[in-house]
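So this block is entry.cif, mmCIF, C-alpha atoms:
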data_structure
#
loop_
_atom_site.group_PDB
_atom_site.id
_atom_site.type_symbol
_atom_site.label_atom_id
_atom_site.label_comp_id
_atom_site.auth_asym_id
_atom_site.auth_seq_id
_atom_site.Cartn_x
_atom_site.Cartn_y
_atom_site.Cartn_z
ATOM 1 C CA MET A 1 204.702 5.684 258.213
ATOM 2 C CA GLN A 2 204.069 2.929 260.759
ATOM 3 C CA ASN A 3 203.576 0.306 258.049
ATOM 4 C CA ASN A 4 206.879 0.923 256.277
ATOM 5 C CA LYS A 5 209.945 -1.289 256.495
ATOM 6 C CA SER A 6 212.400 -0.675 259.310
ATOM 7 C CA SER A 7 215.119 0.506 256.884
ATOM 8 C CA LEU A 8 212.840 3.265 255.620
ATOM 9 C CA LEU A 9 211.865 4.261 259.151
ATOM 10 C CA THR A 10 215.537 4.425 260.114
ATOM 11 C CA ALA A 11 216.330 6.559 257.054
ATOM 12 C CA TRP A 12 213.386 8.861 257.841
ATOM 13 C CA SER A 13 214.551 9.334 261.410
ATOM 14 C CA PHE A 14 218.051 10.057 260.107
ATOM 15 C CA ILE A 15 217.009 12.606 257.486
ATOM 16 C CA THR A 16 214.900 14.508 260.013
ATOM 17 C CA SER A 17 217.837 14.554 262.441
ATOM 18 C CA ILE A 18 220.049 16.314 259.861
ATOM 19 C CA ALA A 19 217.323 18.621 258.538
ATOM 20 C CA ALA A 20 219.196 21.740 259.654
ATOM 21 C CA ILE A 21 221.920 21.221 257.015
ATOM 22 C CA LEU A 22 219.541 20.632 254.098
ATOM 23 C CA SER A 23 218.454 23.436 251.784
ATOM 24 C CA SER A 24 216.117 25.951 253.432
ATOM 25 C CA GLU A 25 213.298 24.982 251.083
ATOM 26 C CA LEU A 26 213.646 21.276 251.911
ATOM 27 C CA GLN A 27 213.773 22.094 255.626
ATOM 28 C CA GLN A 28 210.481 23.921 255.277
ATOM 29 C CA LEU A 29 208.895 21.069 253.336
ATOM 30 C CA LEU A 30 210.004 18.597 255.998
ATOM 31 C CA GLY A 31 208.632 20.802 258.735
ATOM 32 C CA ASN A 32 205.284 20.988 256.965
ATOM 33 C CA GLY A 33 205.071 17.241 256.335
ATOM 34 C CA ARG A 34 205.323 17.770 252.577
ATOM 35 C CA VAL A 35 208.174 15.290 252.001
ATOM 36 C CA ARG A 36 208.442 11.522 251.912
ATOM 37 C CA LEU A 37 211.233 9.053 251.224
ATOM 38 C CA THR A 38 211.312 6.641 248.315
ATOM 39 C CA ASP A 39 213.765 3.930 247.218
ATOM 40 C CA HIS A 40 216.526 5.411 245.113
ATOM 41 C CA THR A 41 219.912 4.561 243.646
ATOM 42 C CA VAL A 42 222.173 7.417 242.615
ATOM 43 C CA PHE A 43 224.352 6.225 239.742
ATOM 44 C CA VAL A 44 226.906 7.428 237.226
ATOM 45 C CA ARG A 45 228.629 5.559 234.410
ATOM 46 C CA LYS A 46 231.817 7.178 233.109
ATOM 47 C CA ASN A 47 234.605 6.630 230.585
ATOM 48 C CA ILE A 48 237.775 6.512 232.712
ATOM 49 C CA THR A 49 240.294 5.843 229.929
ATOM 50 C CA GLY A 50 243.544 7.575 230.849
ATOM 51 C CA GLY A 51 242.432 8.061 234.439
ATOM 52 C CA SER A 52 245.181 9.079 236.874
ATOM 53 C CA SER A 53 245.844 11.287 239.901
ATOM 54 C CA ASN A 54 242.472 12.596 241.227
ATOM 55 C CA PHE A 55 240.045 11.610 238.466
ATOM 56 C CA ASP A 56 236.612 13.273 238.501
ATOM 57 C CA VAL A 57 233.744 10.809 238.163
ATOM 58 C CA ILE A 58 231.308 13.729 237.951
ATOM 59 C CA ASP A 59 231.963 17.270 236.724
ATOM 60 C CA ALA A 60 230.164 20.257 235.221
ATOM 61 C CA THR A 61 229.600 18.343 231.972
ATOM 62 C CA THR A 62 227.853 15.359 233.609
ATOM 63 C CA GLU A 63 224.419 14.960 232.053
ATOM 64 C CA LYS A 64 221.355 13.243 233.464
ATOM 65 C CA ILE A 65 220.781 10.467 230.900
ATOM 66 C CA ASP A 66 218.682 7.331 231.298
ATOM 67 C CA GLY A 67 220.964 4.353 231.905
ATOM 68 C CA VAL A 68 224.079 6.536 232.164
ATOM 69 C CA SER A 69 223.644 9.024 235.010
ATOM 70 C CA SER A 70 220.917 9.929 237.489
ATOM 71 C CA ILE A 71 222.450 13.326 238.289
ATOM 72 C CA LYS A 72 223.303 16.446 236.318
ATOM 73 C CA GLY A 73 226.511 18.344 236.931
ATOM 74 C CA THR A 74 227.882 18.197 240.456
ATOM 75 C CA ARG A 75 224.686 18.785 242.466
ATOM 76 C CA LEU A 76 221.611 16.829 243.392
ATOM 77 C CA THR A 77 218.325 18.456 242.428
ATOM 78 C CA LYS A 78 216.903 20.923 244.953
ATOM 79 C CA ASN A 79 214.694 19.136 247.512
ATOM 80 C CA GLN A 80 216.253 15.764 246.616
ATOM 81 C CA ALA A 81 218.545 14.764 249.451
ATOM 82 C CA VAL A 82 219.835 11.182 249.530
ATOM 83 C CA VAL A 83 220.438 8.778 252.414
ATOM 84 C CA PHE A 84 222.318 5.590 251.543
ATOM 85 C CA SER A 85 224.034 2.654 253.201
ATOM 86 C CA GLU A 86 225.173 0.526 250.259
ATOM 87 C CA ILE A 87 227.636 1.218 247.473
ATOM 88 C CA ALA A 88 228.932 -0.661 244.436
ATOM 89 C CA LEU A 89 231.477 0.064 241.736
ATOM 90 C CA GLY A 90 231.719 -1.808 238.449
ATOM 91 C CA TYR A 91 234.324 -1.904 235.694
ATOM 92 C CA GLY A 92 233.777 -2.500 231.992
ATOM 93 C CA LEU A 93 235.689 -2.506 228.694
ATOM 94 C CA ASP A 94 233.922 -1.727 225.429
ATOM 95 C CA ASP A 95 233.836 0.504 222.375
ATOM 96 C CA PRO A 96 233.996 4.301 222.875
ATOM 97 C CA ASN A 97 230.771 6.144 223.786
ATOM 98 C CA LYS A 98 229.121 3.009 225.182
ATOM 99 C CA GLU A 99 228.583 3.977 228.837
ATOM 100 C CA GLY A 100 225.021 2.711 228.778
ATOM 101 C CA ALA A 101 225.747 -0.539 226.923
ATOM 102 C CA VAL A 102 228.743 -1.920 228.836
ATOM 103 C CA LYS A 103 228.612 -5.088 230.941
ATOM 104 C CA TYR A 104 230.049 -3.957 234.271
ATOM 105 C CA GLY A 105 231.680 -6.156 236.897
ATOM 106 C CA ASN A 106 234.943 -6.783 238.704
ATOM 107 C CA THR A 107 238.468 -6.291 237.376
ATOM 108 C CA ASP A 108 242.076 -7.274 238.061
ATOM 109 C CA ILE A 109 243.523 -3.969 236.802
ATOM 110 C CA PRO A 110 245.901 -2.963 239.631
ATOM 111 C CA ALA A 111 245.683 0.779 238.956
ATOM 112 C CA LEU A 112 241.937 0.765 239.605
ATOM 113 C CA ARG A 113 241.868 -1.831 242.379
ATOM 114 C CA ASN A 114 244.565 0.068 244.311
ATOM 115 C CA ALA A 115 242.777 3.408 244.017
ATOM 116 C CA THR A 116 240.413 5.040 246.510
ATOM 117 C CA PHE A 117 236.872 6.230 245.848
ATOM 118 C CA VAL A 118 236.079 9.517 247.570
ATOM 119 C CA ILE A 119 232.980 11.695 247.820
ATOM 120 C CA ILE A 120 233.321 15.155 249.372
ATOM 121 C CA GLN A 121 230.512 17.659 249.835
ATOM 122 C CA ASN A 122 230.989 21.109 251.377
ATOM 123 C CA ASN A 123 234.394 20.040 252.751
ATOM 124 C CA ARG A 124 232.714 17.036 254.413
ATOM 125 C CA GLU A 125 234.077 13.581 253.625
ATOM 126 C CA VAL A 126 231.078 11.430 252.738
ATOM 127 C CA ILE A 127 232.962 8.342 251.531
ATOM 128 C CA SER A 128 236.632 7.369 251.345
ATOM 129 C CA LEU A 129 237.075 3.650 250.685
ATOM 130 C CA PRO A 130 239.353 1.385 248.633
ATOM 131 C CA VAL A 131 237.995 0.662 245.166
ATOM 132 C CA ALA A 132 238.922 -3.001 245.706
ATOM 133 C CA ASP A 133 236.331 -3.204 248.516
ATOM 134 C CA LEU A 134 233.602 -1.671 246.378
ATOM 135 C CA LEU A 135 233.921 -3.514 243.058
ATOM 136 C CA ARG A 136 230.916 -5.681 242.254
ATOM 137 C CA PRO A 137 231.557 -9.428 242.535
ATOM 138 C CA THR A 138 230.899 -11.353 239.357
ATOM 139 C CA GLY A 139 229.404 -14.790 238.885
ATOM 140 C CA ASN A 140 226.127 -16.614 238.544
ATOM 141 C CA GLY A 141 223.572 -16.982 241.318
ATOM 142 C CA LEU A 142 224.379 -13.736 243.120
ATOM 143 C CA ASN A 143 221.584 -11.930 244.917
ATOM 144 C CA ALA A 144 221.254 -8.181 244.387
ATOM 145 C CA SER A 145 222.408 -7.638 247.973
ATOM 146 C CA ASP A 146 225.609 -9.589 247.260
ATOM 147 C CA LYS A 147 226.666 -6.956 244.724
ATOM 148 C CA TYR A 148 226.790 -4.080 247.204
ATOM 149 C CA TYR A 149 229.232 -3.097 249.926
ATOM 150 C CA ASP A 150 227.370 -2.403 253.168
ATOM 151 C CA LEU A 151 228.685 0.763 254.797
ATOM 152 C CA GLY A 152 227.470 -0.330 258.215
ATOM 153 C CA ALA A 153 226.073 3.164 258.811
ATOM 154 C CA LEU A 154 223.992 5.714 256.958
ATOM 155 C CA ALA A 155 225.671 8.303 254.742
ATOM 156 C CA TYR A 156 223.993 11.269 253.120
ATOM 157 C CA LEU A 157 224.162 13.784 250.281
ATOM 158 C CA VAL A 158 222.582 17.208 250.722
ATOM 159 C CA ASP A 159 220.340 18.624 248.015
ATOM 160 C CA ASP A 160 221.492 21.497 245.765
ATOM 161 C CA GLU A 161 225.075 21.527 247.080
ATOM 162 C CA GLU A 162 228.339 20.981 245.195
ATOM 163 C CA MET A 163 229.884 17.491 245.366
ATOM 164 C CA GLU A 164 233.149 15.917 244.277
ATOM 165 C CA TRP A 165 233.220 12.244 243.274
ATOM 166 C CA GLN A 166 236.777 11.145 242.589
ATOM 167 C CA ILE A 167 238.896 8.093 241.972
ATOM 168 C CA LYS A 168 242.206 8.833 243.669
ATOM 169 C CA PHE A 169 244.880 6.758 241.955
ATOM 170 C CA PRO A 170 248.164 5.915 243.691
ATOM 171 C CA ALA A 171 250.952 8.408 242.969
ATOM 172 C CA GLY A 172 252.483 7.849 239.542
ATOM 173 C CA VAL A 173 249.867 5.228 238.582
ATOM 174 C CA ALA A 174 247.362 5.507 235.739
ATOM 175 C CA MET A 175 244.847 3.329 233.946
ATOM 176 C CA PRO A 176 246.691 1.245 231.320
ATOM 177 C CA ALA A 177 246.031 1.945 227.670
ATOM 178 C CA PRO A 178 243.044 -0.182 226.551
ATOM 179 C CA ALA A 179 243.116 -2.408 223.491
ATOM 180 C CA THR A 180 242.923 -0.509 220.222
ATOM 181 C CA GLY A 181 239.465 0.929 219.680
ATOM 182 C CA LYS A 182 238.330 0.179 223.231
ATOM 183 C CA ALA A 183 237.680 2.275 226.347
ATOM 184 C CA HIS A 184 237.709 1.753 230.116
ATOM 185 C CA TYR A 185 234.448 2.440 231.971
ATOM 186 C CA LEU A 186 233.410 2.746 235.606
ATOM 187 C CA GLU A 187 229.970 2.735 237.209
ATOM 188 C CA VAL A 188 229.157 3.983 240.712
ATOM 189 C CA PHE A 189 225.931 3.045 242.525
ATOM 190 C CA LEU A 190 224.796 4.538 245.857
ATOM 191 C CA LYS A 191 221.736 2.628 247.080
ATOM 192 C CA GLY A 192 219.245 3.974 249.598
ATOM 193 C CA PHE A 193 216.452 6.560 249.660
ATOM 194 C CA LYS A 194 215.766 10.048 248.344
ATOM 195 C CA THR A 195 213.478 12.782 249.561
ATOM 196 C CA ILE A 196 210.572 13.564 247.260
ATOM 197 C CA LYS A 197 208.027 16.352 247.524
ATOM 198 C CA ASN A 198 204.450 15.287 248.102
ATOM 199 C CA VAL A 199 202.038 16.463 245.444
ATOM 200 C CA ALA A 200 199.407 17.433 247.993
#

I'd like the structure from this file rewritten - as C-alpha coordinates, please.
Amino acid sequence: MQNNKSSLLTAWSFITSIAAILSSELQQLLGNGRVRLTDHTVFVRKNITGGSSNFDVIDATTEKIDGVSSIKGTRLTKNQAVVFSEIALGYGLDDPNKEGAVKYGNTDIPALRNATFVIIQNNREVISLPVADLLRPTGNGLNASDKYYDLGALAYLVDDEEMEWQIKFPAGVAMPAPATGKAHYLEVFLKGFKTIKNVA
(Lines of atoms letter the chains of each structure in order from A and count residues from 1; the text may use other names and numbers.)
(Lines give C-alpha, C1' and ligand atoms only; values in the text may rest on other atoms or scores of the structure.)
Protein backbone atom coordinates (compact mmCIF):
# COMPACT_ATOMS: atom_id res chain seq x y z
CA MET A 1 0.00 0.00 0.00
CA GLN A 2 3.07 2.24 -0.10
CA ASN A 3 1.84 4.06 -3.21
CA ASN A 4 -1.54 5.06 -1.80
CA LYS A 5 -2.49 8.51 -0.59
CA SER A 6 -1.76 9.42 3.01
CA SER A 7 -5.48 9.59 3.89
CA LEU A 8 -5.93 5.97 2.82
CA LEU A 9 -2.83 4.88 4.73
CA THR A 10 -4.12 6.65 7.83
CA ALA A 11 -7.53 4.99 7.46
CA TRP A 12 -5.87 1.58 6.98
CA SER A 13 -3.79 2.02 10.11
CA PHE A 14 -6.93 3.05 11.98
CA ILE A 15 -9.09 0.14 10.83
CA THR A 16 -6.39 -2.37 11.77
CA SER A 17 -6.09 -0.76 15.21
CA ILE A 18 -9.80 -1.36 15.92
CA ALA A 19 -9.94 -4.81 14.31
CA ALA A 20 -10.86 -6.48 17.60
CA ILE A 21 -14.33 -4.86 17.61
CA LEU A 22 -15.20 -5.76 14.01
CA SER A 23 -17.15 -8.89 13.13
CA SER A 24 -15.19 -12.11 13.66
CA GLU A 25 -15.27 -12.86 9.94
CA LEU A 26 -13.86 -9.43 9.04
CA GLN A 27 -11.18 -9.80 11.72
CA GLN A 28 -10.11 -13.05 10.11
CA LEU A 29 -10.07 -11.52 6.63
CA LEU A 30 -7.93 -8.64 7.88
CA GLY A 31 -5.55 -11.03 9.58
CA ASN A 32 -5.17 -13.00 6.36
CA GLY A 33 -4.61 -9.92 4.19
CA ARG A 34 -7.88 -10.52 2.34
CA VAL A 35 -9.28 -7.00 2.81
CA ARG A 36 -8.55 -3.62 1.28
CA LEU A 37 -10.01 -0.14 1.65
CA THR A 38 -11.76 1.76 -1.10
CA ASP A 39 -13.30 5.25 -1.31
CA HIS A 40 -16.86 5.20 -0.08
CA THR A 41 -19.68 7.53 0.93
CA VAL A 42 -22.46 6.12 3.08
CA PHE A 43 -25.65 8.03 2.29
CA VAL A 44 -29.36 8.09 3.01
CA ARG A 45 -32.08 10.36 1.65
CA LYS A 46 -35.28 10.47 3.72
CA ASN A 47 -38.68 12.15 3.82
CA ILE A 48 -38.70 14.00 7.17
CA THR A 49 -42.13 15.63 6.89
CA GLY A 50 -43.62 15.83 10.37
CA GLY A 51 -40.27 15.12 12.00
CA SER A 52 -40.10 15.80 15.74
CA SER A 53 -38.61 14.44 18.97
CA ASN A 54 -36.03 11.72 18.09
CA PHE A 55 -36.65 11.16 14.38
CA ASP A 56 -35.15 8.00 12.83
CA VAL A 57 -33.22 8.67 9.63
CA ILE A 58 -32.79 4.91 9.16
CA ASP A 59 -35.02 2.10 10.41
CA ALA A 60 -35.98 -1.49 9.62
CA THR A 61 -37.78 -0.36 6.45
CA THR A 62 -34.76 1.46 4.96
CA GLU A 63 -34.01 -0.03 1.55
CA LYS A 64 -30.77 0.02 -0.40
CA ILE A 65 -31.80 1.94 -3.54
CA ASP A 66 -29.54 3.62 -6.09
CA GLY A 67 -29.56 7.38 -5.50
CA VAL A 68 -31.61 7.08 -2.31
CA SER A 69 -29.73 4.92 0.20
CA SER A 70 -26.49 2.95 0.27
CA ILE A 71 -27.55 0.85 3.26
CA LYS A 72 -30.37 -1.56 4.02
CA GLY A 73 -32.13 -1.54 7.36
CA THR A 74 -30.04 -0.47 10.33
CA ARG A 75 -26.83 -2.43 9.66
CA LEU A 76 -23.91 -2.22 7.30
CA THR A 77 -23.28 -5.34 5.24
CA LYS A 78 -21.11 -8.00 6.89
CA ASN A 79 -17.40 -7.38 6.16
CA GLN A 80 -18.13 -3.75 5.19
CA ALA A 81 -16.88 -1.53 7.98
CA VAL A 82 -16.62 2.21 7.32
CA VAL A 83 -14.05 4.79 8.40
CA PHE A 84 -14.97 8.42 7.73
CA SER A 85 -13.85 11.93 8.59
CA GLU A 86 -16.29 14.12 6.65
CA ILE A 87 -20.03 14.56 6.93
CA ALA A 88 -22.69 16.61 5.14
CA LEU A 89 -26.42 17.06 5.54
CA GLY A 90 -28.70 18.56 2.91
CA TYR A 91 -32.31 19.74 2.96
CA GLY A 92 -34.80 19.71 0.11
CA LEU A 93 -38.48 20.44 -0.60
CA ASP A 94 -40.31 18.64 -3.40
CA ASP A 95 -43.25 16.45 -4.31
CA PRO A 96 -43.90 13.29 -2.23
CA ASN A 97 -41.87 10.15 -3.03
CA LYS A 98 -39.06 12.13 -4.68
CA GLU A 99 -36.09 11.30 -2.42
CA GLY A 100 -33.86 10.60 -5.39
CA ALA A 101 -34.92 13.63 -7.44
CA VAL A 102 -34.70 16.46 -4.90
CA LYS A 103 -32.15 19.28 -5.11
CA TYR A 104 -30.57 19.27 -1.66
CA GLY A 105 -28.82 22.17 0.04
CA ASN A 106 -29.02 24.48 3.03
CA THR A 107 -32.14 25.72 4.81
CA ASP A 108 -33.33 28.43 7.20
CA ILE A 109 -35.96 26.21 8.86
CA PRO A 110 -35.27 26.74 12.59
CA ALA A 111 -36.63 23.36 13.69
CA LEU A 112 -34.05 21.54 11.56
CA ARG A 113 -31.15 23.95 12.04
CA ASN A 114 -31.57 23.80 15.84
CA ALA A 115 -31.66 20.00 15.94
CA THR A 116 -28.79 17.59 16.57
CA PHE A 117 -27.67 14.74 14.33
CA VAL A 118 -26.69 11.64 16.27
CA ILE A 119 -25.34 8.23 15.31
CA ILE A 120 -25.16 5.52 17.99
CA GLN A 121 -23.88 1.99 17.48
CA ASN A 122 -23.78 -0.63 20.24
CA ASN A 123 -24.29 2.10 22.88
CA ARG A 124 -21.28 3.97 21.43
CA GLU A 125 -21.79 7.57 20.35
CA VAL A 126 -20.31 7.86 16.87
CA ILE A 127 -21.52 11.38 16.05
CA SER A 128 -23.45 14.04 17.96
CA LEU A 129 -23.28 17.42 16.23
CA PRO A 130 -25.59 20.37 15.53
CA VAL A 131 -27.43 20.06 12.22
CA ALA A 132 -26.58 23.72 11.56
CA ASP A 133 -22.87 22.80 11.42
CA LEU A 134 -23.46 19.96 8.99
CA LEU A 135 -25.81 21.47 6.40
CA ARG A 136 -24.26 21.77 2.96
CA PRO A 137 -23.44 25.34 1.91
CA THR A 138 -25.12 26.44 -1.28
CA GLY A 139 -23.81 28.62 -4.08
CA ASN A 140 -21.82 28.53 -7.27
CA GLY A 141 -18.12 27.77 -7.48
CA LEU A 142 -17.94 25.51 -4.43
CA ASN A 143 -15.43 22.68 -4.43
CA ALA A 144 -16.62 19.24 -3.32
CA SER A 145 -14.53 19.61 -0.16
CA ASP A 146 -16.37 22.85 0.70
CA LYS A 147 -19.63 20.92 1.04
CA TYR A 148 -18.45 18.68 3.87
CA TYR A 149 -17.87 19.26 7.57
CA ASP A 150 -14.44 17.96 8.58
CA LEU A 151 -14.66 16.01 11.82
CA GLY A 152 -11.00 16.59 12.58
CA ALA A 153 -10.64 12.92 13.54
CA LEU A 154 -11.61 9.55 12.16
CA ALA A 155 -14.95 7.99 13.09
CA TYR A 156 -16.07 4.48 12.29
CA LEU A 157 -19.06 2.19 11.81
CA VAL A 158 -18.70 -1.53 12.52
CA ASP A 159 -19.98 -4.07 10.02
CA ASP A 160 -23.13 -6.13 10.70
CA GLU A 161 -24.06 -4.27 13.89
CA GLU A 162 -27.22 -2.30 14.70
CA MET A 163 -27.05 1.50 14.31
CA GLU A 164 -29.31 4.41 15.15
CA TRP A 165 -29.23 7.54 12.98
CA GLN A 166 -31.45 10.22 14.46
CA ILE A 167 -32.34 13.87 14.17
CA LYS A 168 -32.99 15.01 17.73
CA PHE A 169 -35.30 18.02 17.57
CA PRO A 170 -35.51 20.52 20.44
CA ALA A 171 -38.25 19.71 22.97
CA GLY A 172 -41.68 20.71 21.69
CA VAL A 173 -40.35 21.59 18.21
CA ALA A 174 -41.30 19.89 14.95
CA MET A 175 -40.80 20.37 11.24
CA PRO A 176 -43.38 22.90 9.98
CA ALA A 177 -46.10 21.70 7.66
CA PRO A 178 -44.81 21.96 4.05
CA ALA A 179 -46.73 23.69 1.29
CA THR A 180 -49.71 21.72 0.03
CA GLY A 181 -48.60 18.71 -1.98
CA LYS A 182 -44.96 19.04 -0.93
CA ALA A 183 -42.65 17.14 1.42
CA HIS A 184 -39.53 17.88 3.48
CA TYR A 185 -36.43 15.79 2.71
CA LEU A 186 -33.05 15.27 4.33
CA GLU A 187 -29.88 13.67 2.99
CA VAL A 188 -26.95 12.44 5.10
CA PHE A 189 -23.50 11.77 3.62
CA LEU A 190 -20.60 10.15 5.51
CA LYS A 191 -17.46 10.36 3.36
CA GLY A 192 -14.42 8.13 3.80
CA PHE A 193 -13.49 4.51 3.11
CA LYS A 194 -15.04 1.06 3.39
CA THR A 195 -13.50 -2.36 3.79
CA ILE A 196 -13.94 -4.65 0.81
CA LYS A 197 -13.03 -8.31 0.49
CA ASN A 198 -10.34 -9.14 -2.02
CA VAL A 199 -11.42 -11.56 -4.71
CA ALA A 200 -8.19 -13.53 -4.52

**Fill in**
Of A:Thr10, A:Asn97, A:Gln166, A:Ser52, the one sitting nearest Val126 of chain A when using all atoms listed in the file is A:Gln166

**Request:** Could you tell me which of A:Ser69, A:Asn106, A:Thr41, A:Thr116 comes closest to Ser53 of chain A if we count only C-alpha atoms?
**Result:**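 Among the listed residues, the smallest separation from Ser53 of chain A belongs to A:Thr116.
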
**Message:** For the PyMOL selection byres ((chain A and resi 119) around 8), applied here, can you spell out every residue it catches as a PyMOL selection string?
**Reply:** chain A and resi 117-118+120-121+125-128+163-166

**Request:** Do a neighbour search on Thr74 of chain A at 10 Å with all atoms listed in the file, toss out local chain neighbours closer than 3 positions, and write the hits as a PyMOL selection string.
**Result:** chain A and resi 57-63+71+77+121+160-165

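Counting from atom CA of Glu25 of chain A, the distance to atom CA of Ala155 of chain A is 21.1 Å.
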
**Item:** Given only C-alpha atoms as the counted atoms, nearest of A:Ala11, A:Ile48, A:Val158, A:Ala171 to Leu93 of chain A
**Value:**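 With only C-alpha atoms as the atom set, the closest residue is A:Ile48.
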
**Item:** Exercise: Tyr185 of chain A partners within 8 Å, only C-alpha atoms, chain neighbours under 6 positions left out, as a list of chain:residue names
**Value:**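 Final neighbour list, sorted by chain and number: A:Arg45, A:Lys46, A:Asn47, A:Ile48, A:Thr49, A:Tyr91, A:Gly92, A:Leu93, A:Asp94, A:Glu99, A:Val102.
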
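Separating atom CA of Asn32 of chain A from atom CA of Gly73 of chain A is a distance of 29.3 Å.
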
**Message:** Applying the PyMOL selection byres ((chain A and resi 113) around 12) to the file I just gave you, which residues come out? Please list them as an NGL selection string.
**Reply:** :A and (89-91 or 106-112 or 114-117 or 129-136 or 167-170 or 173-175 or 186)

**Request:** Check which residues satisfy the PyMOL selection byres ((chain A and resi 23) around 12) in the file shown, then give them as a ChimeraX atom specification.
**Result:** /A:18-22,24-30,76-81,157-161,195

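Computed from the coordinates, the atom CA of Leu190 of chain A to atom CA of Ser85 of chain A distance equals 7.6 Å.
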
**Request:** Counting all atoms listed in the file, write as a list in words all protein and nucleic acid residues lying at most 7 Å from (222.6, 10.5, 237.1) in the file's frame.
**Result:**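 It turns out the residues near that spot are Val42, Phe43, Val44, Glu63, Lys64, Ile65, Val68, Ser69, Ser70, Ile71 and Lys72 of chain A.
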
**Request:** Can you work out which one of A:Ile15, A:Val35, A:Ala177, A:Ile87 has the shortest atom-to-atom distance to Lys147 of chain A, counting only C-alpha atoms?
**Result:**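 When distances to Lys147 of chain A are compared using only C-alpha atoms, the smallest one comes from A:Ile87.
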
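For the set A:Asp146, A:Glu86, A:Arg34, A:Phe193, the residue with the smallest atom-to-atom gap to Phe14 of chain A is A:Phe193, counting all atoms listed in the file.
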
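Considering all atoms listed in the file, the residue among A:Gly33, A:Gly51, A:Gly152, A:Pro137 positioned nearest to Val199 of chain A is A:Gly33.
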
**Request:** Within 6 Å of Phe84 of chain A, counting all atoms listed in the file, which residues show up once you throw out same-chain ones fewer than 3 positions away? Write them as a ChimeraX atom specification, please.
**Result:** /A:154-155,191-192

Can you give me N, CA and C atoms for segment 105-130 of chain A, written as a short mmCIF file (atom, residue, chain, number, x, y, z; two decimals), keeping the file's coordinate frame?
data_model
loop_
_atom_site.label_atom_id
_atom_site.label_comp_id
_atom_site.auth_asym_id
_atom_site.auth_seq_id
_atom_site.Cartn_x
_atom_site.Cartn_y
_atom_site.Cartn_z
N GLY A 105 231.40 -5.14 235.89
CA GLY A 105 231.68 -6.16 236.90
C GLY A 105 232.99 -5.87 237.61
N ASN A 106 233.68 -6.91 237.98
CA ASN A 106 234.94 -6.78 238.70
C ASN A 106 236.10 -6.63 237.72
N THR A 107 237.29 -6.41 238.23
CA THR A 107 238.47 -6.29 237.38
C THR A 107 239.73 -6.60 238.16
N ASP A 108 240.77 -7.03 237.45
CA ASP A 108 242.08 -7.27 238.06
C ASP A 108 243.06 -6.15 237.76
N ILE A 109 242.62 -5.06 237.14
CA ILE A 109 243.52 -3.97 236.80
C ILE A 109 244.05 -3.33 238.09
N PRO A 110 245.36 -3.46 238.35
CA PRO A 110 245.90 -2.96 239.63
C PRO A 110 245.69 -1.47 239.84
N ALA A 111 245.82 -0.67 238.80
CA ALA A 111 245.68 0.78 238.96
C ALA A 111 244.33 1.14 239.55
N LEU A 112 243.28 0.47 239.10
CA LEU A 112 241.94 0.76 239.60
C LEU A 112 241.70 0.12 240.96
N ARG A 113 242.09 -1.13 241.11
CA ARG A 113 241.87 -1.83 242.38
C ARG A 113 242.61 -1.15 243.54
N ASN A 114 243.76 -0.56 243.26
CA ASN A 114 244.56 0.07 244.31
C ASN A 114 244.20 1.53 244.56
N ALA A 115 243.22 2.02 243.85
CA ALA A 115 242.78 3.41 244.02
C ALA A 115 241.77 3.51 245.16
N THR A 116 241.39 4.75 245.47
CA THR A 116 240.41 5.04 246.51
C THR A 116 239.26 5.82 245.90
N PHE A 117 238.03 5.47 246.29
CA PHE A 117 236.87 6.23 245.85
C PHE A 117 236.47 7.20 246.95
N VAL A 118 236.34 8.46 246.58
CA VAL A 118 236.08 9.52 247.57
C VAL A 118 234.91 10.39 247.11
N ILE A 119 234.01 10.69 248.04
CA ILE A 119 232.98 11.70 247.82
C ILE A 119 233.15 12.75 248.89
N ILE A 120 233.22 14.02 248.45
CA ILE A 120 233.32 15.16 249.37
C ILE A 120 232.22 16.14 249.02
N GLN A 121 231.55 16.65 250.04
CA GLN A 121 230.51 17.66 249.84
C GLN A 121 230.66 18.73 250.90
N ASN A 122 230.84 19.98 250.46
CA ASN A 122 230.99 21.11 251.38
C ASN A 122 232.08 20.84 252.41
N ASN A 123 233.23 20.36 251.91
CA ASN A 123 234.39 20.04 252.75
C ASN A 123 234.13 18.91 253.74
N ARG A 124 233.05 18.18 253.55
CA ARG A 124 232.71 17.04 254.41
C ARG A 124 232.98 15.74 253.65
N GLU A 125 233.80 14.87 254.25
CA GLU A 125 234.08 13.58 253.62
C GLU A 125 232.88 12.66 253.81
N VAL A 126 232.23 12.32 252.70
CA VAL A 126 231.08 11.43 252.74
C VAL A 126 231.53 9.98 252.68
N ILE A 127 232.44 9.69 251.75
CA ILE A 127 232.96 8.34 251.53
C ILE A 127 234.45 8.44 251.22
N SER A 128 235.24 7.54 251.75
CA SER A 128 236.63 7.37 251.34
C SER A 128 237.00 5.91 251.60
N LEU A 129 236.90 5.09 250.54
CA LEU A 129 237.08 3.65 250.68
C LEU A 129 237.88 3.10 249.51
N PRO A 130 238.60 2.00 249.73
CA PRO A 130 239.35 1.38 248.63
C PRO A 130 238.42 0.88 247.53
#
